[in-house]
$ cat model-v1.cif   # mmCIF, C-alpha atoms
data_query
loop_
_atom_site.label_atom_id
_atom_site.label_comp_id
_atom_site.auth_asym_id
_atom_site.auth_seq_id
_atom_site.Cartn_x
_atom_site.Cartn_y
_atom_site.Cartn_z
CA MET A 51 11.83 -2.64 -47.56
CA GLU A 52 12.39 1.08 -47.23
CA PHE A 53 12.61 3.21 -44.13
CA TYR A 54 12.14 6.85 -43.36
CA PRO A 55 15.35 8.67 -42.47
CA LEU A 56 16.09 9.14 -38.82
CA GLN A 57 16.03 12.68 -37.51
CA GLN A 58 19.10 14.00 -35.75
CA PRO A 59 18.74 15.16 -32.14
CA ASP A 60 18.84 18.85 -33.04
CA GLU A 61 16.03 18.34 -35.55
CA ILE A 62 13.66 17.02 -32.91
CA ALA A 63 11.51 19.49 -30.99
CA GLU A 64 11.84 19.59 -27.19
CA ARG A 65 8.20 18.63 -26.82
CA GLU A 66 8.76 15.51 -28.96
CA LYS A 67 11.74 14.51 -26.84
CA GLU A 68 9.66 14.88 -23.68
CA ASP A 69 6.79 12.86 -25.10
CA ALA A 70 9.20 10.11 -26.21
CA MET A 71 10.76 10.05 -22.72
CA GLY A 72 7.27 9.89 -21.22
CA ALA A 73 6.66 6.52 -22.91
CA TYR A 74 9.18 4.98 -20.51
CA LEU A 75 8.42 7.11 -17.47
CA MET A 76 4.71 6.37 -17.74
CA MET A 77 5.57 2.82 -16.72
CA PHE A 78 7.13 4.00 -13.44
CA ALA A 79 4.06 6.03 -12.55
CA ALA A 80 1.92 2.99 -13.34
CA VAL A 81 4.09 0.71 -11.21
CA ALA A 82 3.19 2.70 -8.13
CA ILE A 83 -0.52 2.20 -8.80
CA GLY A 84 -0.28 -1.22 -10.40
CA LEU A 85 1.69 -3.29 -7.94
CA PRO A 86 1.06 -6.09 -7.22
CA LEU A 87 -1.09 -6.27 -10.35
CA PRO A 88 1.37 -5.57 -13.17
CA ILE A 89 -1.37 -5.38 -15.81
CA ILE A 90 -1.80 -1.66 -15.01
CA ASN A 91 1.62 -0.92 -16.56
CA LEU A 92 0.58 -2.53 -19.80
CA ILE A 93 -2.72 -0.65 -19.90
CA ALA A 94 -0.87 2.64 -19.26
CA SER A 95 1.57 1.89 -22.09
CA ILE A 96 -1.25 1.04 -24.49
CA ILE A 97 -3.12 4.28 -23.66
CA TYR A 98 0.06 6.33 -23.98
CA TYR A 99 0.83 4.66 -27.30
CA PHE A 100 -2.56 5.46 -28.81
CA ILE A 101 -2.46 9.06 -27.62
CA ASN A 102 1.05 9.80 -28.91
CA ARG A 103 1.81 7.51 -31.84
CA LYS A 104 0.77 9.96 -34.53
CA LYS A 105 2.71 12.92 -33.17
CA SER A 106 6.00 11.95 -34.84
CA ARG A 107 7.97 8.86 -35.87
CA PHE A 108 10.49 9.50 -33.12
CA ILE A 109 7.73 9.42 -30.47
CA HIS A 110 6.06 6.51 -32.25
CA PHE A 111 9.27 4.49 -32.09
CA HIS A 112 9.79 5.03 -28.36
CA CYS A 113 6.12 4.38 -27.57
CA VAL A 114 6.19 1.10 -29.52
CA GLN A 115 9.47 0.03 -27.94
CA ALA A 116 8.12 0.78 -24.43
CA LEU A 117 4.87 -1.05 -25.21
CA LEU A 118 6.49 -4.12 -26.76
CA THR A 119 8.86 -4.57 -23.84
CA GLN A 120 5.94 -4.21 -21.43
CA ILE A 121 4.34 -7.37 -22.84
CA PRO A 122 6.97 -9.96 -21.76
CA THR A 123 7.55 -8.12 -18.48
CA THR A 124 3.83 -8.18 -17.75
CA VAL A 125 3.55 -11.86 -18.69
CA ILE A 126 6.54 -12.78 -16.50
CA ASN A 127 5.12 -10.86 -13.54
CA TRP A 128 1.62 -12.19 -14.05
CA VAL A 129 2.84 -15.78 -14.04
CA ALA A 130 4.52 -15.04 -10.69
CA VAL A 131 1.34 -13.45 -9.29
CA ILE A 132 -0.97 -16.23 -10.50
CA TRP A 133 1.42 -18.95 -9.33
CA GLY A 134 1.72 -17.26 -5.91
CA VAL A 135 -2.04 -16.80 -5.50
CA THR A 136 -2.63 -20.43 -6.53
CA ILE A 137 -0.22 -21.58 -3.84
CA LEU A 138 -1.97 -19.41 -1.27
CA VAL A 139 -5.51 -20.50 -2.02
CA SER A 140 -5.04 -24.09 -3.16
CA ASP A 141 -4.16 -27.15 -1.15
CA GLN A 142 -2.76 -28.85 -4.23
CA TYR A 143 0.24 -26.60 -4.84
CA GLU A 144 3.10 -25.54 -2.63
CA ALA A 145 5.87 -22.96 -2.76
CA THR A 146 8.61 -25.10 -4.24
CA GLU A 147 12.21 -24.08 -4.89
CA MET A 148 11.18 -23.76 -8.52
CA PHE A 149 8.55 -21.18 -7.54
CA TRP A 150 11.02 -19.11 -5.52
CA ALA A 151 13.56 -19.37 -8.33
CA TYR A 152 10.90 -17.99 -10.66
CA VAL A 153 10.13 -15.14 -8.23
CA VAL A 154 13.85 -14.24 -8.20
CA PHE A 155 13.92 -14.48 -11.99
CA ALA A 156 10.84 -12.24 -12.36
CA GLY A 157 12.28 -9.75 -9.86
CA VAL A 158 15.62 -9.52 -11.66
CA CYS A 159 13.93 -9.25 -15.06
CA THR A 160 11.76 -6.39 -13.79
CA LEU A 161 14.78 -4.66 -12.25
CA LEU A 162 16.74 -4.99 -15.50
CA TYR A 163 13.74 -3.67 -17.36
CA PHE A 164 13.60 -0.64 -15.05
CA ILE A 165 17.28 0.06 -15.64
CA VAL A 166 17.15 -0.13 -19.43
CA SER A 167 13.94 1.91 -19.39
CA ILE A 168 15.67 4.68 -17.45
CA VAL A 169 18.54 4.63 -19.94
CA ALA A 170 16.07 4.69 -22.85
CA ALA A 171 14.13 7.58 -21.27
CA TYR A 172 17.38 9.52 -20.83
CA LYS A 173 18.40 8.89 -24.44
CA ALA A 174 14.94 9.84 -25.72
CA ARG A 175 15.13 13.10 -23.77
CA GLN A 176 18.37 13.82 -25.63
CA GLY A 177 16.64 13.12 -28.95
CA LYS A 178 18.57 9.90 -29.51
CA MET A 179 17.50 6.46 -30.59
CA TYR A 180 18.10 3.63 -28.12
CA TYR A 181 17.48 0.09 -29.26
CA PHE A 182 16.57 -2.69 -26.85
CA LEU A 183 17.56 -6.22 -27.86
CA VAL A 184 14.99 -7.69 -30.28
CA PHE A 185 12.32 -5.09 -29.45
CA GLY A 186 14.38 -2.10 -30.67
CA PRO A 187 14.70 -3.23 -34.31
CA TRP A 188 11.09 -4.41 -34.21
CA ALA A 189 9.87 -1.01 -33.00
CA TYR A 190 12.05 0.70 -35.61
CA GLN A 191 10.38 -1.31 -38.36
CA ILE A 192 6.93 -0.43 -37.08
CA ALA A 193 7.66 3.30 -36.69
CA TYR A 194 9.98 4.00 -39.63
CA ARG A 195 8.99 1.51 -42.33
CA VAL A 196 7.70 3.15 -45.50
CA ARG A 197 4.26 1.82 -46.28
CA PRO A 198 2.95 1.74 -49.85
CA THR A 199 0.30 4.25 -48.88
CA ASP A 200 2.87 6.72 -47.46
CA ASN A 201 4.05 9.72 -49.43
CA MET A 202 7.79 9.52 -48.61
CA GLN A 203 9.99 12.61 -48.45
CA THR A 204 13.70 11.79 -48.60
CA SER A 205 16.50 13.47 -46.71
CA GLU A 206 20.03 12.49 -45.66
CA PRO A 207 19.91 9.63 -43.00
CA MET A 208 22.39 10.36 -40.20
CA ASN A 209 20.84 9.01 -36.99
CA LYS A 210 21.78 5.34 -37.40
CA PRO A 211 19.18 2.58 -37.83
CA PRO A 212 19.63 -0.62 -35.74
CA PHE A 213 20.91 -2.76 -38.62
CA MET B 93 18.77 -8.60 -40.77
CA GLN B 94 16.89 -11.81 -39.97
CA SER B 95 20.04 -13.50 -38.70
CA LYS B 96 20.71 -10.52 -36.42
CA THR B 97 17.16 -10.71 -35.07
CA LEU B 98 17.59 -14.43 -34.47
CA ARG B 99 20.90 -13.80 -32.72
CA ASP B 100 19.28 -11.11 -30.54
CA ILE B 101 16.43 -13.47 -29.61
CA LEU B 102 18.97 -16.15 -28.70
CA VAL B 103 20.93 -13.67 -26.58
CA LEU B 104 17.73 -12.61 -24.82
CA LEU B 105 16.69 -16.22 -24.17
CA THR B 106 20.17 -17.06 -22.91
CA ILE B 107 20.07 -14.13 -20.50
CA GLY B 108 16.62 -15.26 -19.33
CA ALA B 109 17.77 -18.85 -18.84
CA ALA B 110 20.89 -17.68 -17.00
CA LEU B 111 18.77 -15.49 -14.71
CA PHE B 112 16.43 -18.37 -13.94
CA ALA B 113 19.29 -20.78 -13.31
CA GLY B 114 20.94 -18.16 -11.10
CA GLY B 115 17.68 -17.70 -9.19
CA TYR B 116 17.33 -21.45 -8.72
CA PHE B 117 20.93 -21.75 -7.48
CA LEU B 118 20.37 -18.85 -5.06
CA VAL B 119 17.16 -20.38 -3.66
CA ARG B 120 18.87 -23.77 -3.26
CA GLU B 121 21.76 -22.15 -1.39
CA ILE B 122 19.41 -20.24 0.91
CA SER B 123 17.34 -23.33 1.72
CA LYS B 124 20.52 -25.32 2.35
CA SER B 125 21.96 -22.71 4.73
CA ASP B 126 19.26 -23.46 7.35
CA TYR B 127 20.32 -27.10 7.37
CA ASP B 128 24.00 -26.25 7.46
CA LEU B 129 23.50 -24.46 10.77
CA SER B 130 23.21 -27.85 12.46
CA TYR B 131 26.81 -28.64 11.50
CA GLU B 132 27.86 -26.10 14.14
CA VAL B 133 27.01 -28.80 16.69
CA SER B 134 28.85 -32.11 16.27
CA MET B 135 27.07 -35.46 16.59
CA GLU B 136 28.93 -36.06 19.87
CA GLN B 137 27.76 -32.71 21.24
CA GLU B 138 24.24 -33.49 20.09
CA GLU B 139 24.30 -36.82 21.90
CA GLU B 140 25.61 -35.09 25.03
CA LEU B 141 22.82 -32.51 24.79
CA GLY B 142 20.31 -35.33 24.35
CA ASN B 143 21.59 -37.01 27.54
CA LEU B 144 21.07 -33.79 29.50
CA PHE B 145 17.51 -33.56 28.18
CA LYS B 146 16.89 -37.23 28.97
CA ASP B 147 17.81 -36.69 32.63
CA LEU B 148 15.46 -33.75 32.80
CA ILE B 149 12.61 -35.65 31.15
CA TRP B 150 13.21 -38.57 33.51
CA ASP B 151 12.70 -36.19 36.47
CA LYS B 152 9.73 -34.42 34.98
CA TYR B 153 7.62 -37.09 33.31
CA PRO B 154 6.59 -40.62 34.31
CA THR B 155 7.54 -43.08 31.61
CA VAL B 156 5.99 -46.41 30.63
CA LYS B 157 8.51 -49.24 30.67
CA GLU B 158 8.43 -52.97 30.34
CA ASN B 159 4.81 -53.49 29.52
CA TYR B 160 3.10 -54.63 26.35
CA ALA B 161 2.71 -51.07 24.97
CA ASP B 162 6.43 -50.44 25.32
CA THR B 163 7.25 -53.75 23.66
CA ALA B 164 4.90 -52.88 20.81
CA LEU B 165 6.47 -49.43 20.40
CA GLN B 166 9.96 -50.94 20.27
CA GLN B 167 8.78 -53.44 17.64
CA ILE B 168 7.34 -50.66 15.45
CA ALA B 169 10.44 -48.52 15.94
CA LYS B 170 12.80 -51.40 15.13
CA ARG B 171 11.10 -51.96 11.78
CA LEU B 172 11.54 -48.29 10.89
CA VAL B 173 15.15 -47.98 12.08
CA ASN B 174 16.10 -51.15 10.19
CA ALA B 175 14.65 -49.61 7.03
CA LEU B 176 16.92 -46.54 7.27
CA ASP B 177 19.72 -46.62 4.70
CA SER B 178 22.20 -45.33 7.23
CA THR B 179 21.99 -43.31 10.40
CA GLN B 180 24.37 -41.66 12.81
CA TYR B 181 21.98 -42.04 15.72
CA ARG B 182 21.35 -44.80 18.21
CA TYR B 183 17.63 -44.31 18.36
CA GLN B 184 15.73 -44.68 21.61
CA PHE B 185 11.95 -44.63 21.84
CA THR B 186 10.15 -43.98 25.10
CA ILE B 187 6.50 -43.72 26.12
CA ILE B 188 5.59 -40.86 28.43
CA LYS B 189 2.55 -41.45 30.58
CA SER B 190 0.32 -38.50 29.75
CA LYS B 191 -3.08 -37.88 28.20
CA GLU B 192 -1.50 -35.38 25.84
CA ILE B 193 -1.61 -36.36 22.17
CA ASN B 194 1.97 -35.58 21.34
CA ALA B 195 5.31 -36.94 20.25
CA PHE B 196 8.63 -35.13 20.10
CA THR B 197 12.25 -35.63 19.29
CA ILE B 198 15.14 -34.40 21.41
CA PRO B 199 18.74 -34.20 20.18
CA GLY B 200 20.68 -37.42 19.83
CA GLY B 201 17.92 -39.53 18.27
CA ASN B 202 15.70 -39.81 21.36
CA ILE B 203 12.03 -39.91 20.49
CA TYR B 204 9.21 -39.65 23.01
CA VAL B 205 5.60 -40.63 22.44
CA PHE B 206 2.85 -39.67 24.87
CA SER B 207 0.48 -42.47 25.85
CA GLY B 208 -2.43 -40.22 24.79
CA LEU B 209 -1.24 -40.51 21.22
CA LEU B 210 -1.03 -44.31 21.44
CA GLU B 211 -4.57 -44.39 22.81
CA LEU B 212 -5.83 -42.28 19.91
CA ALA B 213 -4.13 -44.47 17.29
CA GLU B 214 -6.17 -47.43 16.11
CA THR B 215 -3.39 -49.41 14.48
CA PRO B 216 0.40 -49.86 14.92
CA GLU B 217 0.78 -48.44 11.38
CA GLU B 218 -0.60 -45.08 12.51
CA VAL B 219 1.96 -44.94 15.32
CA ALA B 220 4.65 -45.93 12.81
CA ALA B 221 3.68 -42.90 10.72
CA VAL B 222 4.19 -40.57 13.68
CA LEU B 223 7.51 -42.21 14.57
CA ALA B 224 8.68 -42.00 10.95
CA HIS B 225 7.84 -38.31 10.95
CA GLU B 226 9.82 -37.77 14.17
CA ILE B 227 12.74 -39.79 12.77
CA GLY B 228 12.58 -37.42 9.80
CA HIS B 229 13.03 -34.44 12.14
CA ALA B 230 15.98 -36.20 13.78
CA GLU B 231 17.70 -37.30 10.57
CA LYS B 232 17.35 -33.83 9.05
CA ARG B 233 18.67 -32.37 12.34
CA HIS B 234 15.72 -29.99 12.59
CA VAL B 235 15.77 -30.01 16.41
CA VAL B 236 19.36 -28.82 16.69
CA THR B 237 18.86 -26.23 13.96
CA ARG B 238 15.75 -24.98 15.73
CA LEU B 239 17.54 -24.78 19.09
CA ILE B 240 20.39 -22.78 17.55
CA ASN B 241 17.91 -20.48 15.85
CA GLU B 242 15.85 -19.93 18.97
CA MET B 243 18.48 -19.93 21.70
CA SER B 244 21.71 -19.11 19.78
CA LEU B 245 24.71 -21.34 19.26
CA SER B 246 26.54 -19.90 22.28
CA ALA B 247 23.59 -20.83 24.55
CA VAL B 248 23.72 -24.42 23.26
CA ILE B 249 27.49 -24.60 23.81
CA ALA B 250 27.12 -23.01 27.28
CA VAL B 251 24.60 -25.68 28.30
CA LEU B 252 26.98 -28.38 27.11
CA SER B 253 29.76 -26.97 29.24
CA GLY B 254 27.59 -27.05 32.35
CA GLY B 255 26.01 -23.60 32.17
CA ASP B 256 22.82 -22.31 33.77
CA PRO B 257 20.41 -25.29 34.31
CA SER B 258 17.40 -23.00 33.88
CA VAL B 259 18.49 -22.48 30.26
CA LEU B 260 18.41 -26.26 29.78
CA THR B 261 14.84 -26.38 31.14
CA GLN B 262 13.90 -23.56 28.81
CA MET B 263 15.44 -25.46 25.92
CA LEU B 264 13.54 -28.63 26.78
CA GLN B 265 10.31 -26.65 26.85
CA SER B 266 11.16 -25.30 23.45
CA VAL B 267 11.88 -28.82 22.15
CA ILE B 268 8.66 -30.31 23.53
CA SER B 269 6.41 -27.52 22.28
CA ASN B 270 8.49 -27.12 19.18
CA ARG B 271 6.74 -25.57 16.24
CA PHE B 272 8.83 -26.45 13.23
CA SER B 273 8.76 -24.34 10.14
CA ARG B 274 6.47 -25.43 7.32
CA GLU B 275 9.54 -26.39 5.28
CA ASN B 276 10.80 -28.59 8.12
CA GLU B 277 7.41 -30.25 8.49
CA ASP B 278 7.20 -30.89 4.76
CA GLU B 279 10.71 -32.32 4.75
CA ALA B 280 9.93 -34.61 7.69
CA ASP B 281 6.69 -35.72 5.99
CA LYS B 282 8.45 -36.60 2.75
CA PHE B 283 11.15 -38.46 4.66
CA ALA B 284 8.50 -40.33 6.65
CA LEU B 285 6.53 -41.41 3.59
CA GLN B 286 9.65 -42.84 1.98
CA LEU B 287 10.69 -44.53 5.23
CA LEU B 288 7.25 -46.09 5.71
CA GLU B 289 7.41 -47.50 2.20
CA ASP B 290 10.92 -48.86 2.78
CA ALA B 291 9.72 -50.46 6.01
CA HIS B 292 6.80 -52.12 4.19
CA ILE B 293 4.26 -50.04 6.06
CA SER B 294 1.48 -48.41 4.06
CA PRO B 295 2.16 -44.65 3.75
CA LYS B 296 -1.64 -44.22 3.73
CA SER B 297 -1.52 -44.77 7.49
CA MET B 298 0.04 -41.32 7.76
CA ALA B 299 -2.89 -39.69 5.96
CA LYS B 300 -5.27 -41.67 8.15
CA PHE B 301 -3.71 -40.55 11.41
CA PHE B 302 -3.28 -36.94 10.30
CA GLN B 303 -6.92 -36.88 9.21
CA LYS B 304 -7.87 -38.21 12.63
CA LEU B 305 -5.93 -35.37 14.25
CA ASN B 306 -7.54 -32.86 11.92
CA ASP B 307 -11.02 -34.15 12.72
CA LYS B 308 -10.26 -34.11 16.41
CA ASN B 309 -8.98 -30.56 16.11
CA LEU B 310 -12.51 -29.46 15.19
CA ASP B 311 -13.33 -30.30 18.77
CA TYR B 312 -10.10 -28.84 20.12
CA ASN B 313 -8.94 -29.72 23.59
CA GLU B 314 -5.73 -28.80 25.30
CA ASP B 315 -4.40 -32.36 25.23
CA LEU B 316 -4.03 -32.15 21.47
CA GLU B 317 -0.52 -30.81 21.58
CA PHE B 318 0.74 -32.76 18.56
CA MET B 319 -1.93 -31.11 16.46
CA MET B 320 -0.91 -27.65 17.57
CA THR B 321 2.80 -28.21 16.98
CA HIS B 322 2.27 -30.16 13.78
CA PRO B 323 -0.56 -28.41 11.94
CA HIS B 324 -1.88 -30.84 9.37
CA SER B 325 -3.20 -28.92 6.47
CA ASN B 326 -5.27 -30.74 3.89
CA LYS B 327 -2.28 -30.41 1.58
CA ARG B 328 -0.17 -32.63 3.83
CA ILE B 329 -2.95 -35.17 4.24
CA ASP B 330 -3.47 -35.19 0.50
CA ARG B 331 0.21 -35.71 -0.17
CA ALA B 332 0.28 -38.72 2.14
CA ARG B 333 -2.89 -40.10 0.60
CA LYS B 334 -1.64 -39.70 -2.95
CA TYR B 335 1.89 -40.93 -2.27
CA LYS B 336 2.83 -43.39 -5.01
CA THR B 337 4.55 -46.50 -3.78
CA ARG B 338 6.74 -48.76 -5.92
CA ASN B 339 4.91 -51.21 -8.14
CA ASN B 340 6.14 -54.19 -6.14
CA PHE B 341 5.29 -52.61 -2.77
CA SER B 342 3.48 -54.82 -0.32
CA ALA B 343 2.58 -53.86 3.22
CA GLU B 344 3.56 -56.28 5.96
CA PRO B 345 1.23 -56.09 8.97
CA PHE B 346 2.63 -55.94 12.50
CA SER B 347 2.04 -58.90 14.75
CA ILE B 348 0.81 -56.64 17.52
CA ASP B 349 -2.45 -56.97 19.40
CA TRP B 350 -3.46 -53.32 19.44
CA GLU B 351 -6.30 -53.82 21.89
CA LYS B 352 -3.81 -55.32 24.28
CA VAL B 353 -1.57 -52.27 23.82
CA GLN B 354 -4.41 -49.94 24.74
CA LYS B 355 -5.40 -52.07 27.72
CA SER B 356 -1.83 -52.11 28.98
CA LEU B 357 -1.72 -48.32 28.77
CA ASN B 358 -4.91 -48.01 30.77
CA ALA B 359 -3.62 -50.47 33.33
CA GLU B 360 -0.56 -48.29 34.01
#
$ encode --input "model-v1.cif" --output "structure tokens"
Amino acid sequence: MEFYPLQQPDEIAEREKEDAMGAYLMMFAAVAIGLPLPIINLIASIIYYFINRKKSRFIHFHCVQALLTQIPTTVINWVAVIWGVTILVSDQYEATEMFWAYVVFAGVCTLLYFIVSIVAAYKARQGKMYYFLVFGPWAYQIAYRVRPTDNMQTSEPMNKPPF
Amino acid sequence: MQSKTLRDILVLLTIGAALFAGGYFLVREISKSDYDLSYEVSMEQEEELGNLFKDLIWDKYPTVKENYADTALQQIAKRLVNALDSTQYRYQFTIIKSKEINAFTIPGGNIYVFSGLLELAETPEEVAAVLAHEIGHAEKRHVVTRLINEMSLSAVIAVLSGGDPSVLTQMLQSVISNRFSRENEDEADKFALQLLEDAHISPKSMAKFFQKLNDKNLDYNEDLEFMMTHPHSNKRIDRARKYKTRNNFSAEPFSIDWEKVQKSLNAE
């Protein structure tokens, strides 16, 4: 499997860096509108991805990474919302310790996600790669993999890949 | 590359599991802290506080003693207390002559049942369910915890050392019209269901009596104090109804003439 070389920070245009950073910041804007329905974040990430993915590989990578990490975060938060609503409306379920433990878990996960997203946005603004666990290498493969249909132009790779 | 991805996934899952376990531990600690508050008052102090309340109740309410209803209540209570694994209380059960449909627990294992509640009940098992619930509040020390929460620990200690009697009256009022938290009610319910089973009394009697209170609440009247302080949601009734007893469980009926109990109450 071949990959396109990674651009160095000084080779990336300012506009590209801003667009890459926007992939993470878009989520914060969406949080304000979306809470307590976390699906809005995911929709915002999907829209942002489709608008920006073809601009450059650097932007594509950050958009994919932001989008992929949105999926588990959204699922975790949605489970909490659905579980909570079920407890409120149904006589069959009650707010057990397990439920509250899950709420704490979802809250901490979301907080951690916010923190790493801020770091990633900062790195993207500097024109740097920043790889999340699991999702980073995955996004790299999606954005930088050479497809058989691509017409690859080689140059010296200096910005390090995740593996 | 694949092994690194697998390692990363494992790391991520471990972090997730650790976060969840941490959350569970935190929630357990928080829910335990409410109970721990009761340890601020020793069992001796609780008994002393209960004696002060008893004197006040004696002055304020007429009680029913030495008639068939009282004998029946003691018989029901004895069955329940004997079924407790262990207890630090010397339980006392008293009937208060009042049309109110209520029962309450004061510190020190003293449980009061209003005659209105006994008149509403159709079987001794239904009364046993109420008593088991009140024993649950006592065993879990909900009353003391509630008093400390509402009046502060220093107020409780001050009353014990002969402080302002009006505070004691205020405390009694709080105990009688005590609205326990939903968690406390649930805990007392679960305790009661287990106790009823251990005492060979059908836990279904709890659902039956709670349903009766719920139905009566549709036509609310001010005597229905127990209903107001112990809101019986369908969830609680359902839990009692669906409670699974042991396979070898068999209910042992009380040898109490319930009609005679009701007549003796009316004769008072």
$ resolve_selection --input "model-v1.cif" --expression "the PyMOL selection byres ((chain B) within 8 of (chain A))" --output "PyMOL selection string"
chain B and resi 93+97+100-101+104+108+111-120+325-327+330
$ resolve_selection --input "model-v1.cif" --expression "the PyMOL selection byres ((chain B and resi 207) around 8)" --output "PyMOL selection string"
chain B and resi 187-193+205-206+208-211+357
$ resolve_selection --input "model-v1.cif" --expression "the PyMOL selection byres ((chain B and resi 212-214) around 12)" --output "PyMOL selection string"
chain B and resi 191-194+205-211+215-222+297-298+300-305+308+315-316+318+348-354+357
$ atom_distance --input "model-v1.cif" --atom1 "CA of Leu223 (chain B)" --atom2 "CA of Ala343 (chain B)"
17.0 Å
$ atom_distance --input "model-v1.cif" --atom1 "CA of Phe108 (chain A)" --atom2 "CA of Asn127 (chain A)"
28.8 Å
$ atom_distance --input "model-v1.cif" --atom1 "CA of Phe53 (chain A)" --atom2 "CA of Ile101 (chain A)"
23.1 Å
$ residues_near_point --input "model-v1.cif" --point "(12.8, -31.6, 30.1)" --cutoff "7 Å" --atoms "all atoms listed in the file" --output "MDAnalysis selection string"
chainID B and resid 145 148:149 152 261 264:265
$ residues_around --input "model-v1.cif" --residues "Glu275 (chain B)" --least-positions-apart "3" --cutoff "10 Å" --atoms "all atoms listed in the file" --output "PyMOL selection string"
(chain A and resi 145-146) or (chain B and resi 123+272+278-281)
$ write_last_selection --input "model-v1.cif" --atoms "C-alpha atoms" --output "short mmCIF file (atom, residue, chain, number, x, y, z; two decimals), in the coordinates of the input"
data_model
loop_
_atom_site.label_atom_id
_atom_site.label_comp_id
_atom_site.auth_asym_id
_atom_site.auth_seq_id
_atom_site.Cartn_x
_atom_site.Cartn_y
_atom_site.Cartn_z
CA ALA A 145 5.87 -22.96 -2.76
CA THR A 146 8.61 -25.10 -4.24
CA SER B 123 17.34 -23.33 1.72
CA PHE B 272 8.83 -26.45 13.23
CA ASP B 278 7.20 -30.89 4.76
CA GLU B 279 10.71 -32.32 4.75
CA ALA B 280 9.93 -34.61 7.69
CA ASP B 281 6.69 -35.72 5.99
#
